[in-house]
Each structure stands twice: as structure tokens, then as C-alpha cells.
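Heads up, the thing below is written out as C-alpha cells.
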Amino acid sequence: MEFPAPNTEVRLAVAQCFRTLTTSTDNKDIITALQTLHSYLDEGPDSRTTLLQRAEFRRAHFTRSLQFLVSNIQADWLHGLTAAQRTELWDGLFLKGPPEQALLVLMEGIGELRPSTNLDHLVSITERFLQSGRLADLLWSYCQGAGPSDSPQLRETLLGRIVALPDLTANKLHPNNKPLFLPQQYYPLLATEMLTALEQTCQALKDGTDCSLTFVAQTLGKVCIQGHSGLVLAVMAPRLSVCTCSDMVWQRICWKLLENVPQRWVESVLTGLVQAVSGPDALGRIIGNLVLTNRKAQYVITHKLLLLQYKYETGVLRIILGYLAADRERRPLLIQVLRSVSQAWANPSAVKHTPLEQQLYVSKALLLSVSLLKDSELLELRSDLLQCMLGGMQSHLDSSVVRIRHMGMVVGECLSSRMDISGTKLKFEYDQDEETQELLSLMTPSTGDEAEAEPVNGVDSTQENNETPTPSTQNESSQNKPDSDLDSDDELTPYDMSGDQEISKASPPRYLRDCLETLISSEDSVRVELSLRVAEGLVRKNVFATREISVQLTKVLLHMEDKYSINGFLSLRQATMVAVTVTDCIPVTQYLTTEFYSLNYSLRQRLDILEVLALAAQELSKPITEKRDPSMGIVASADLTPYPGDNPVHWRQEVEKRIQSKTKRLRKGATQPPAKATPNRYAPVAGHFFFPLLRNYDKPQVTFDLLGSDHLVLGRLIHTLGLLMHLAVNAPIAAQMGRALLDFVWAVRYHADQMVRRGVLFAVCSVFLSINSQNLLVELSDQLFETRIWLADVAEGDPDADCRNLAVQSLVLLDKSLKKQLQDQQALGPES
């Protein structure tokens, strides 16, 4: 059945209204025309128009009517209306009718108008549009299927206007943007409107009405892909979690919502969702078994969030892995994840080339996966986990980075404890810190029962503490006894014996040769300890006696072992060796540098040699005029750790001081006089410390392969050479040392170990700091260009953050030196 008359009638009536508004000057005619347009939007029995007429107006004439109003926003007839009439008749048309058409016209008008009262008028209407729940009406109209049969292009445009409204308004209204249009307010509002549409959908489904969630899913996906998932899902996720607890219809709505998210936006939605939900159960209720039906979702959950990205907190890992373990159909994916994570953790190349933060993230994922395994699954994967544990521990323990070694130890302990191999468990000695404690805690599932168990433990410990002070309770009971049982001596004040010292049968040696003989031949632990404690003082007080036996004493100390568990043994031995090296510099340095490349030395001894040379050079580099206390060496070495090479903070501080000293600052007032140059004892002997260490680095020995597996020593060697270079600033031999050092480190500049690369960059930085700009251009001009290109490459692409920072510092120093030299040449040019 056809209805040509209503269509024609509506078209003619709208045209007549447009003519009246354009030509009439009578307010009554204007008001009548606007009321006629309103009549096509009124619902209910009192409406003057039929249902077909209203449908035709919404379909074909509503957008044209709004566009006509916006184009005539400056017309006289509009300003002739009162404020109440304008709000009811003009503004009201935008707040009725199809909301998607009104939103598109409003955003188009805001984009076209220039800053004026008319623009402010449209902005205020848009605010009312958002505050009156019209976005929820828009979304619900598409859920009902009552939305217009639009084209894909029109729907994409509408999605763009909804999602990018804060950006569009900010570009147009800045700096006078409205608070409601800011992302912090708009996107939570949009999330609330989406929840409202979902609630209406839930009720409709319960009433037996079919609905579609395609448009809402597209809106959610587009919001998340544009980076606003945090604001939207922070509102939606808690509400969806509560609604899906006991309502199966809500669960089906959530599952269908995520199924309808376009594939290109699935990742952003899931990434935001795993961060917004409260736990794995809530995630399972919201997304269901999406990972089994959607390949993109499976890739994101089981691979990308675990192996390719590492910026998330431990709670996100718990949620992801707990979600996979919570359902019988998803547990095969947990096994798959465990295999891939264990392979990544045990990969030697990954240990060397991936950032430390990512390795920590993968270690957490591995431990959490293992903690979620059942005994039957653990038995099935036992051989794979054993292979992972052995190979991965070897790769981690070979690393020169302390945190990576500790990581390998903790994971090895946890895996062996979980697998319980032959009843034996691995146990390592390492310092407990927040990182290791967190890794150890991951093997304990986080359940409510265990969270409540903590106060119980606290009560137990409190009870134990209360039971400890038994003497006080005994005293109290004794006070209750009769006075006849009390002893009068109890009232005497005890004698203070805190300052008493135990009298030793042996006395410390007073001569250096006696000290040496004791260290060589004595088996008495007390005599050995006394000799070791006074050795440094004797060395510094008896210079001539020290020079007679310096090499022999150094040899004894280098080979000495802590057989008697002497307190502070390593620092005492090191301080004495430093004192001997400072006192008789050339013979001792020749011996130490020769022994560094000799056979049958442990890595610890070679590291000791490097540390002694570095500390001795630092002491010799101090100005000669400075009065030095003989006991200063003991104090300086008291803070040394058994592994001082693991903490390169001291040379970082030196580099920062040198950078600050070379930084020019413009200021008013009197300037400080430049520091007076003073001689030191290191400059004449710098070559004896430096060049022998470059002698045999490329000749692998039976027990020592510097360029191979012993990269820990290589890193410390380069650090030491850089420090020796830095201490030789302004020395005559500095340029020759700089050239030799650059040639040496150039061969290992792309080493796989990050500590070696840090050492290379520190050495390069030391060269730039120690050689003045003129000598730098004269002596190293052929190497500077390639060095600068390499530094720029490292600063941009090295996986280690410290390496990138050092490369940037080196580039800054090099550019400053070159700029200074060019300025000096330009200043001398006119004079010459």
C-alpha cells in the first residue's frame, strides 16, 4: 500500500516553514513555523501529526531543518524571540528527534562557525545534549535496530564524532573549552551512557525483544584504539563485573559485546580490560571464552601481553594467567603459555639482548604459570621445566648484571621447589630485596584465605614475643616472695664492663718482615688476623722496608685465602695491596699487570687486580700538596664490598663531576678564580698502569678467555682502563693513552653483554674528558667521525637505558669539544 500524500504533505509543510522563517517579519508567524516543525517530533495522543508523517520527517527532513536553523543563526527573527521562546522552540529542536542527526549537525556547526556568541550558543546546546542523556538514546536506537539504514561511511563519520568530540571541541574552542568536553569528564560520561544502553538491552532481552550490540561494540573499540580505554573501562569494568556475578543475561551481553568489537580494535579493548578488572574471575565473566573463538584475542592474551610487552604491573599478569587457569577449556592455553614463557626465559640471546625490566616481567610470568599448574600437569611438563631451569639458570648466572643473576637464582629455587626433584631443592645465597621477595611471593596463590592469614601470623609472632621476656616475669614473681627470701646484694649497682677488651695472647707485629713471615707460614688464626689488620699501617709508615719486599708481599696477599673467616678480610687485604702499590708503584704494577694475563688465576683474583690498580691510581692522582693521614687508606677501604666491580657508581660520579666542571654557566657577579693546577704522583707512572693491560687481551689462555666466555672480566677491564684514562687528565701521555684505548674498545663496541657496552661507552667518555679539544682534533681526528656515528646509533637503539644515557653524554662532550676548538680557531683567525 502506497502513501504518496503524507510524504508530499510533509515536504510541502517543511518548505512553507522555511519560507516563513526566511521572509516573514511577524513574530507570530515565526513562532507558528517553529511550532509546526516541533509538531513532527512530538509523541503521544495529543500530537497534531500522524505516525507516518513523523517518520517521514525524521527520515528525510530533520537534518535539513537543523541545518537551516544553524545557517540562519544570525537572522533577525531569531534574535526577536525571547530567551524562553528561543530555548523552547529553537534549542528544543536539537534535543528532540533522531539524536545521531542532531549530533552530526551540532558538530558540523561548531566546526564551521568562528568564535562568536553564535558559536557559544551551539556549544551550550551541545552541553545540554550530552547532559540530557541523548548519547544513551543514540546508542539505544542502534541497539533496537531502529537506527537509520545508514551507509558504512555515515556510520564511520558518526563514530568519529562521538569518539573524537573532546579533540574536535578543543581544536575549535581552545582555550575556552568547556569542562564537560574535556577527556576526563567526557569519556566517563560516554561510558555511563553505554552502560545505560546495555541495561536497556538487558531488559529488552528479558522481555523477548531482539537487540543488536554492533554499534556499541564499535564505539567501545574506537574509544579504546584512540587511547582512552583507561577512562572508559574504569567506569564500565566494575559495573559489568557486578552485573555479571549472578545474571546470566548480563554475561551473554558482555560476551556478545566483545565478539562484535572489530578485529583491528580487539587488542586495545582487551589491554584496557585486563588493567581495569579486579581479578581473573571478573575477567572470565566479562569476556567468557573469547580466547577460544577469536584468534586475535588469543594472540593478545597468550602472547603479546606476556612476551612482547612488559609495562604492566604484576597484578595484570595474575589476572591474565588466572583467567586462563580458571576454566577447563582454557587450561590448554595455560600449558601453551608456560612452554613459550619458559623458552623465552631460558633463551641465552634474550638474556643478553632484552632489557632487564622485560626479563623480570617474563620471570614473573613463568613463576605465576608454574604456581597455577595442577600436579598432573606438572608431571607432564616436568622434563620441559627441568630443561628450562638448567639452561635458563646457566644463562642468568653467566650474566655480569647482579639483578639478572639474582633473578636466575630465585627462579631456579622456585622451580626446583615446585618440581621437588628427588626431594632436593636448590638454595642460593643472595641479598634479599624487594625484587627477590616479590618473585618468591609469586609461588603463593593470592587467595582471600591467605590474605586473612597474615594477621594470624602476626598474632602468633606477637604471642611469641610476649612469651620471650621470661626473666621479667620471674623477677615479678620474685618480688611477690616474702622479704626474707630476697638477697640484699640485688640492690648493688653492677660495674660497667662495656669498655673491657679481651686480652689476646698474641701481640701484633711491629716490623713489616715479621708481618710477611706470619702471613706466609703461620697457622695461628689470631696471629694472621693481627698481621693482616696492621699490615697497611706498617706499609705506609715504613716506605724503605716496603720497597724491599713489595712484590713478594703483593704476591702473598694476592694468593691469600680467607681460611679463618676473618671479619673484613677482603677489605683488609685490598687496602694493604693498594698501600703497597702506592708506595712502590712501578715494580708492583708490573707484577700485577703481568699476572692479570697469567695462567691458573681465578676470575675473582683477576677482578681483585683490576680493583687494586684502580684504587691505587685514584690515590696517586690526588694533589701532592694535600696532607694525607696514614690511616686514610683503611678508612677509605672500609666500605668496599666483596664485589666492588658490580656497582659502577663511583666512576659515574667522577664522570658527572667532570661534565659539570666543563659546563659553562652565565651568571652575574664576581666569578670564582679557576682551580690552581697542582702536580700529582700518577701522571709520571700512568703508562705503567695502562699499557700493560692492553698487551694480551686477544690471546685466550687455558683458564681465561677474555673475548669469549669471561665477559665479566672484560667489562671490568674496560671500566678500569676508562678510569685510568680519566685520572690521566692533562698528563703528557694522555693523548697516546686515548688513541690506544679507542683502538681497543672499537673491536668490542657491539658486544652482546650490556656491562661490556657500558664499559666501552664509559671509556669513550673518559677519552673526551681527559684530552683537551685541540689535542682531540689533532691526535684523534681520523676516529672522531666514525665514533660520533656509532654513538648516535647507540643513543637511539641500544636496548639498555644506561648505555643510551652514556652515549648521549659522550655525544654532548664531543660536540662541546669540537665547538670550543672551532671557536678558538675563529678567534685566532683575524689575529693571524
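Residue numbering restarts at 1 for every chain of the C-alpha cells, chains are lettered A, B, ... in their displayed order, and ligands are numbered from 1 as they appear.
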- [ ] Excluding stretch 739-744 of chain A and residues on its chain fewer than 6 positions from it, collect all residues at most 12 Å away from it, counting only C-alpha atoms, and give them as a PyMOL selection string.
- [x] chain A and resi 687+690-698+707+714+717-726+733+759-768+770-771+775-784+786-787
Next, dump the selected residues to file, keeping only N, CA and C atoms, as a tab-separated table (two decimals), in the first residue's frame.
chain	number	residue	atom	x	y	z
A	687	GLY	N	101.43	5.39	32.38
A	687	GLY	CA	101.66	4.38	31.36
A	687	GLY	C	101.92	3.00	31.93
A	690	PHE	N	98.54	1.54	32.61
A	690	PHE	CA	97.60	1.47	31.50
A	690	PHE	C	98.02	0.48	30.40
A	691	PHE	N	99.17	0.70	29.81
A	691	PHE	CA	99.51	-0.04	28.58
A	691	PHE	C	99.70	-1.54	28.78
A	692	PRO	N	100.28	-2.02	29.92
A	692	PRO	CA	100.40	-3.48	30.05
A	692	PRO	C	99.06	-4.21	30.06
A	693	LEU	N	97.98	-3.53	30.47
A	693	LEU	CA	96.67	-4.19	30.48
A	693	LEU	C	96.12	-4.39	29.07
A	694	LEU	N	96.71	-3.73	28.08
A	694	LEU	CA	96.27	-3.89	26.69
A	694	LEU	C	97.12	-4.91	25.94
A	695	ARG	N	97.99	-5.61	26.64
A	695	ARG	CA	99.03	-6.37	25.97
A	695	ARG	C	98.52	-7.66	25.35
A	696	ASN	N	97.82	-8.49	26.14
A	696	ASN	CA	97.50	-9.85	25.69
A	696	ASN	C	96.00	-10.15	25.74
A	697	TYR	N	95.19	-9.13	25.52
A	697	TYR	CA	93.75	-9.35	25.68
A	697	TYR	C	93.18	-10.29	24.64
A	698	ASP	N	93.83	-10.39	23.46
A	698	ASP	CA	93.28	-11.22	22.38
A	698	ASP	C	93.90	-12.60	22.31
A	707	LEU	N	87.91	-12.47	25.48
A	707	LEU	CA	86.97	-12.11	24.42
A	707	LEU	C	85.90	-13.17	24.21
A	714	LEU	N	86.09	-8.84	31.16
A	714	LEU	CA	86.27	-7.88	30.07
A	714	LEU	C	85.58	-6.56	30.40
A	717	LEU	N	87.63	-4.82	33.00
A	717	LEU	CA	88.88	-4.34	32.44
A	717	LEU	C	88.66	-3.02	31.70
A	718	ILE	N	87.61	-2.95	30.90
A	718	ILE	CA	87.35	-1.72	30.15
A	718	ILE	C	86.98	-0.59	31.10
A	719	HIS	N	86.20	-0.89	32.13
A	719	HIS	CA	85.89	0.14	33.12
A	719	HIS	C	87.17	0.66	33.78
A	720	THR	N	88.08	-0.26	34.13
A	720	THR	CA	89.32	0.14	34.78
A	720	THR	C	90.18	0.98	33.85
A	721	LEU	N	90.29	0.57	32.58
A	721	LEU	CA	91.06	1.36	31.62
A	721	LEU	C	90.46	2.75	31.45
A	722	GLY	N	89.11	2.82	31.44
A	722	GLY	CA	88.48	4.13	31.34
A	722	GLY	C	88.78	5.00	32.55
A	723	LEU	N	88.80	4.40	33.73
A	723	LEU	CA	89.13	5.16	34.94
A	723	LEU	C	90.58	5.62	34.92
A	724	LEU	N	91.50	4.72	34.50
A	724	LEU	CA	92.91	5.11	34.40
A	724	LEU	C	93.09	6.24	33.40
A	725	MET	N	92.32	6.20	32.32
A	725	MET	CA	92.36	7.26	31.32
A	725	MET	C	91.82	8.56	31.92
A	726	HIS	N	90.77	8.48	32.66
A	726	HIS	CA	90.16	9.66	33.25
A	726	HIS	C	91.09	10.33	34.28
A	733	ILE	N	101.05	11.98	28.53
A	733	ILE	CA	100.83	10.73	27.83
A	733	ILE	C	99.35	10.48	27.55
A	759	GLY	N	80.94	-0.33	29.68
A	759	GLY	CA	82.36	-0.02	29.86
A	759	GLY	C	82.96	0.68	28.66
A	760	VAL	N	82.57	0.24	27.46
A	760	VAL	CA	83.07	0.88	26.24
A	760	VAL	C	82.66	2.35	26.19
A	761	LEU	N	81.40	2.60	26.50
A	761	LEU	CA	80.92	3.98	26.47
A	761	LEU	C	81.57	4.83	27.56
A	762	PHE	N	81.80	4.24	28.72
A	762	PHE	CA	82.49	4.97	29.77
A	762	PHE	C	83.92	5.29	29.36
A	763	ALA	N	84.57	4.33	28.70
A	763	ALA	CA	85.94	4.58	28.24
A	763	ALA	C	85.98	5.70	27.21
A	764	VAL	N	85.04	5.70	26.27
A	764	VAL	CA	84.99	6.76	25.26
A	764	VAL	C	84.73	8.10	25.93
A	765	CYS	N	83.83	8.10	26.90
A	765	CYS	CA	83.55	9.34	27.64
A	765	CYS	C	84.80	9.83	28.37
A	766	SER	N	85.57	8.92	28.93
A	766	SER	CA	86.79	9.30	29.63
A	766	SER	C	87.81	9.91	28.69
A	767	VAL	N	87.89	9.38	27.46
A	767	VAL	CA	88.82	9.95	26.47
A	767	VAL	C	88.45	11.39	26.17
A	768	PHE	N	87.16	11.64	25.95
A	768	PHE	CA	86.73	13.01	25.63
A	768	PHE	C	86.94	13.96	26.81
A	770	SER	N	89.38	13.64	29.15
A	770	SER	CA	90.77	13.74	29.58
A	770	SER	C	91.68	14.43	28.58
A	771	ILE	N	91.25	14.53	27.34
A	771	ILE	CA	92.09	15.15	26.30
A	771	ILE	C	91.46	16.48	25.92
A	775	ASN	N	94.11	18.82	21.23
A	775	ASN	CA	94.75	17.52	21.04
A	775	ASN	C	93.76	16.48	20.52
A	776	LEU	N	92.49	16.63	20.90
A	776	LEU	CA	91.48	15.68	20.43
A	776	LEU	C	91.35	15.73	18.91
A	777	LEU	N	91.37	16.93	18.35
A	777	LEU	CA	91.27	17.05	16.89
A	777	LEU	C	92.57	16.65	16.21
A	778	VAL	N	93.70	16.96	16.82
A	778	VAL	CA	94.98	16.67	16.18
A	778	VAL	C	95.29	15.18	16.24
A	779	GLU	N	95.12	14.57	17.41
A	779	GLU	CA	95.55	13.19	17.60
A	779	GLU	C	94.51	12.17	17.14
A	780	LEU	N	93.21	12.51	17.26
A	780	LEU	CA	92.17	11.52	17.01
A	780	LEU	C	91.21	11.95	15.91
A	781	SER	N	91.64	12.81	15.03
A	781	SER	CA	90.72	13.33	14.01
A	781	SER	C	90.20	12.23	13.09
A	782	ASP	N	91.02	11.22	12.79
A	782	ASP	CA	90.59	10.17	11.88
A	782	ASP	C	89.57	9.23	12.50
A	783	GLN	N	89.42	9.25	13.84
A	783	GLN	CA	88.49	8.34	14.52
A	783	GLN	C	87.22	9.03	15.00
A	784	LEU	N	87.21	10.34	15.05
A	784	LEU	CA	86.08	11.05	15.65
A	784	LEU	C	84.80	10.89	14.83
A	786	GLU	N	83.74	8.39	12.77
A	786	GLU	CA	83.09	7.08	12.95
A	786	GLU	C	82.59	6.92	14.39
A	787	THR	N	83.35	7.45	15.34
A	787	THR	CA	82.91	7.35	16.73
A	787	THR	C	81.61	8.08	16.95
Task: Non-local contacts of stretch 63-77 of chain A (9 Å; only C-alpha atoms; under 6 positions in same chain excluded) as a list in words - done: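 With the cut-off at 9 Å, the set is Val14, Phe18, Leu21, Thr22, Ser24, Thr25, Asp26, Asn27, Ile30, Leu37, Trp90, Leu93, Phe94, Pro98, Gln101, Ala102, Leu104, Val105, Leu106, Gly109, Asn118 and Leu122 of chain A.
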Deliver the residues from the most recent selection as a file, using N, CA and C atoms, as a short mmCIF file (atom, residue, chain, number, x, y, z; two decimals), in the first residue's frame.
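part-v8.cif written:
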data_model
loop_
_atom_site.label_atom_id
_atom_site.label_comp_id
_atom_site.auth_asym_id
_atom_site.auth_seq_id
_atom_site.Cartn_x
_atom_site.Cartn_y
_atom_site.Cartn_z
N VAL A 14 7.19 21.53 5.41
CA VAL A 14 8.54 21.94 5.82
C VAL A 14 9.03 23.07 4.95
N PHE A 18 10.17 26.91 6.08
CA PHE A 18 11.44 27.55 5.72
C PHE A 18 11.20 28.92 5.08
N LEU A 21 10.14 31.44 7.80
CA LEU A 21 11.28 31.85 8.63
C LEU A 21 12.23 32.76 7.87
N THR A 22 12.28 32.62 6.56
CA THR A 22 13.21 33.41 5.77
C THR A 22 12.65 34.80 5.46
N SER A 24 9.34 36.23 6.62
CA SER A 24 8.37 36.90 7.49
C SER A 24 9.08 37.75 8.53
N THR A 25 8.42 38.85 8.89
CA THR A 25 8.92 39.72 9.96
C THR A 25 7.99 39.73 11.16
N ASP A 26 6.94 38.93 11.09
CA ASP A 26 5.97 38.86 12.17
C ASP A 26 6.37 37.74 13.13
N ASN A 27 6.52 38.07 14.40
CA ASN A 27 6.93 37.08 15.39
C ASN A 27 5.94 35.93 15.50
N ILE A 30 6.68 33.47 12.85
CA ILE A 30 7.92 32.76 13.16
C ILE A 30 7.65 31.67 14.19
N LEU A 37 7.31 22.72 13.01
CA LEU A 37 8.44 21.77 12.96
C LEU A 37 8.47 20.91 14.21
N TRP A 90 13.71 26.98 19.45
CA TRP A 90 14.90 26.83 18.60
C TRP A 90 15.82 25.74 19.17
N LEU A 93 14.51 21.91 19.22
CA LEU A 93 14.56 21.05 18.04
C LEU A 93 15.81 20.17 18.03
N PHE A 94 16.93 20.65 18.62
CA PHE A 94 18.16 19.85 18.64
C PHE A 94 18.12 18.76 19.71
N PRO A 98 15.85 12.32 16.04
CA PRO A 98 16.97 11.37 15.97
C PRO A 98 18.25 11.98 16.54
N GLN A 101 21.40 12.44 14.11
CA GLN A 101 21.36 13.56 13.18
C GLN A 101 21.65 14.88 13.89
N ALA A 102 21.11 15.04 15.08
CA ALA A 102 21.34 16.28 15.83
C ALA A 102 22.81 16.43 16.19
N LEU A 104 25.45 15.17 14.63
CA LEU A 104 26.24 15.47 13.44
C LEU A 104 26.10 16.93 13.03
N VAL A 105 24.87 17.47 13.09
CA VAL A 105 24.66 18.87 12.71
C VAL A 105 25.33 19.80 13.71
N LEU A 106 25.22 19.50 15.00
CA LEU A 106 25.86 20.34 16.01
C LEU A 106 27.37 20.37 15.83
N GLY A 109 28.25 22.39 12.79
CA GLY A 109 28.10 23.82 13.04
C GLY A 109 29.23 24.37 13.89
N ASN A 118 27.23 33.26 18.57
CA ASN A 118 26.52 32.16 17.90
C ASN A 118 27.20 30.82 18.16
N LEU A 122 25.70 27.36 20.11
CA LEU A 122 25.75 25.95 19.71
C LEU A 122 26.47 25.09 20.74
#
Open item on the list: Using only C-alpha atoms, which protein or nucleic acid residues come within 12 Å of A:Tyr142? Drop anything in the same chain fewer than 2 positions from it, and give the result as JSON, numbers by chain.
Closed with: {"A": [98, 99, 100, 135, 136, 137, 138, 139, 140, 144, 145, 146, 147, 148, 149, 150, 155, 158, 194, 197, 198, 200, 201, 210, 211, 212, 213, 214, 215, 216, 217, 218, 219]}
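Distance check against A:Ile789 using only C-alpha atoms: of A:Leu811, A:Ile586, A:Cys803, A:Ile319, the minimum falls on A:Leu811.
Remark: for A:Pro188, the closest of the candidate residues A:Gly230, A:Gly288, A:Gly738, A:Gly715 is A:Gly230 (distances computed over only C-alpha atoms).
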Open item on the list: So that I can see what lies close to A:Leu283, please list as a count of residues only the residues with an atom at most 9 Å from it, counting only C-alpha atoms and leaving out residues fewer than 5 positions away in the same chain.
Closed with: 10
TODO: Compare A:Ser39, A:Gln185, A:Thr589, A:Ser550 by their minimum atom-to-atom distance to A:Ala55, counting only C-alpha atoms, and give me the closest one.
DONE: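 Ranked by minimum distance to A:Ala55, first place goes to A:Ser39.
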- [ ] May I have the residues within 12 Å of A:Ser340 as a VMD selection string, using only C-alpha atoms and disregarding those fewer than 2 positions away in the same chain?
- [x] chain A and resid 302 to 304 306 to 308 333 to 338 342 to 347 362 365 to 366 369 384 to 385 388
TODO: Return as an MDAnalysis selection string the full set of residues in stretch 85-271 of chain A whose backbone-based DSSP assignment is helix (DSSP H, G or I).
DONE: chainID A and resid 85:94 99:112 117:131 134:144 152:163 165:173 179:181 183:206 214:243 248:259 263:271
TODO: Could you give me, as number ranges by chain, the residues within 12 Å of A:Val794, counting only C-alpha atoms and dropping anything in the same chain fewer than 5 positions from it?
DONE: A: 749-751, 754, 757-758, 760-761, 787-789, 799-811
Got time to write the residues from that selection, N, CA and C atoms, as a compact mmCIF listing (two decimals), in the first residue's frame?
# COMPACT_ATOMS: atom_id res chain seq x y z
N ARG A 749 82.72 -2.83 20.60
CA ARG A 749 81.70 -1.82 20.84
C ARG A 749 80.29 -2.37 20.69
N TYR A 750 80.12 -3.47 19.95
CA TYR A 750 78.80 -4.08 19.79
C TYR A 750 78.72 -5.41 20.54
N HIS A 751 79.41 -5.52 21.66
CA HIS A 751 79.41 -6.76 22.44
C HIS A 751 77.99 -7.08 22.93
N GLN A 754 75.70 -6.25 28.18
CA GLN A 754 75.45 -4.83 28.39
C GLN A 754 76.51 -4.18 29.28
N ARG A 757 79.30 -3.18 27.04
CA ARG A 757 78.95 -1.98 26.26
C ARG A 757 78.97 -0.73 27.13
N ARG A 758 78.52 -0.86 28.38
CA ARG A 758 78.62 0.28 29.29
C ARG A 758 80.07 0.68 29.51
N VAL A 760 82.57 0.24 27.46
CA VAL A 760 83.07 0.88 26.24
C VAL A 760 82.66 2.35 26.19
N LEU A 761 81.40 2.60 26.50
CA LEU A 761 80.92 3.98 26.47
C LEU A 761 81.57 4.83 27.56
N THR A 787 83.35 7.45 15.34
CA THR A 787 82.91 7.35 16.73
C THR A 787 81.61 8.08 16.95
N ARG A 788 81.47 9.25 16.34
CA ARG A 788 80.23 10.00 16.52
C ARG A 788 79.03 9.28 15.90
N ILE A 789 79.22 8.68 14.74
CA ILE A 789 78.13 7.93 14.11
C ILE A 789 77.72 6.75 14.99
N PRO A 799 69.34 -1.47 23.59
CA PRO A 799 68.26 -1.90 24.50
C PRO A 799 68.48 -1.52 25.95
N ASP A 800 69.70 -1.17 26.36
CA ASP A 800 69.98 -0.85 27.75
C ASP A 800 69.90 0.66 27.96
N ALA A 801 69.13 1.08 28.98
CA ALA A 801 68.93 2.51 29.23
C ALA A 801 70.23 3.20 29.63
N ASP A 802 71.07 2.55 30.45
CA ASP A 802 72.33 3.17 30.86
C ASP A 802 73.25 3.39 29.67
N CYS A 803 73.25 2.45 28.74
CA CYS A 803 74.07 2.62 27.54
C CYS A 803 73.59 3.82 26.73
N ARG A 804 72.30 3.97 26.61
CA ARG A 804 71.77 5.11 25.86
C ARG A 804 72.15 6.42 26.53
N ASN A 805 72.05 6.46 27.86
CA ASN A 805 72.39 7.70 28.59
C ASN A 805 73.87 8.03 28.44
N LEU A 806 74.74 7.02 28.55
CA LEU A 806 76.17 7.26 28.41
C LEU A 806 76.51 7.72 27.00
N ALA A 807 75.83 7.16 26.00
CA ALA A 807 76.09 7.59 24.62
C ALA A 807 75.70 9.05 24.43
N VAL A 808 74.59 9.45 25.02
CA VAL A 808 74.17 10.86 24.92
C VAL A 808 75.19 11.77 25.60
N GLN A 809 75.68 11.36 26.77
CA GLN A 809 76.68 12.17 27.46
C GLN A 809 77.96 12.28 26.63
N SER A 810 78.36 11.18 26.01
CA SER A 810 79.58 11.21 25.19
C SER A 810 79.39 12.14 23.99
N LEU A 811 78.22 12.09 23.37
CA LEU A 811 77.95 12.98 22.24
C LEU A 811 78.00 14.45 22.67
- [ ] Go ahead and compute the interatomic distance for atom CA of A:Met443 and atom CA of A:Tyr310, in Å to one decimal.
- [x] 19.6 Å
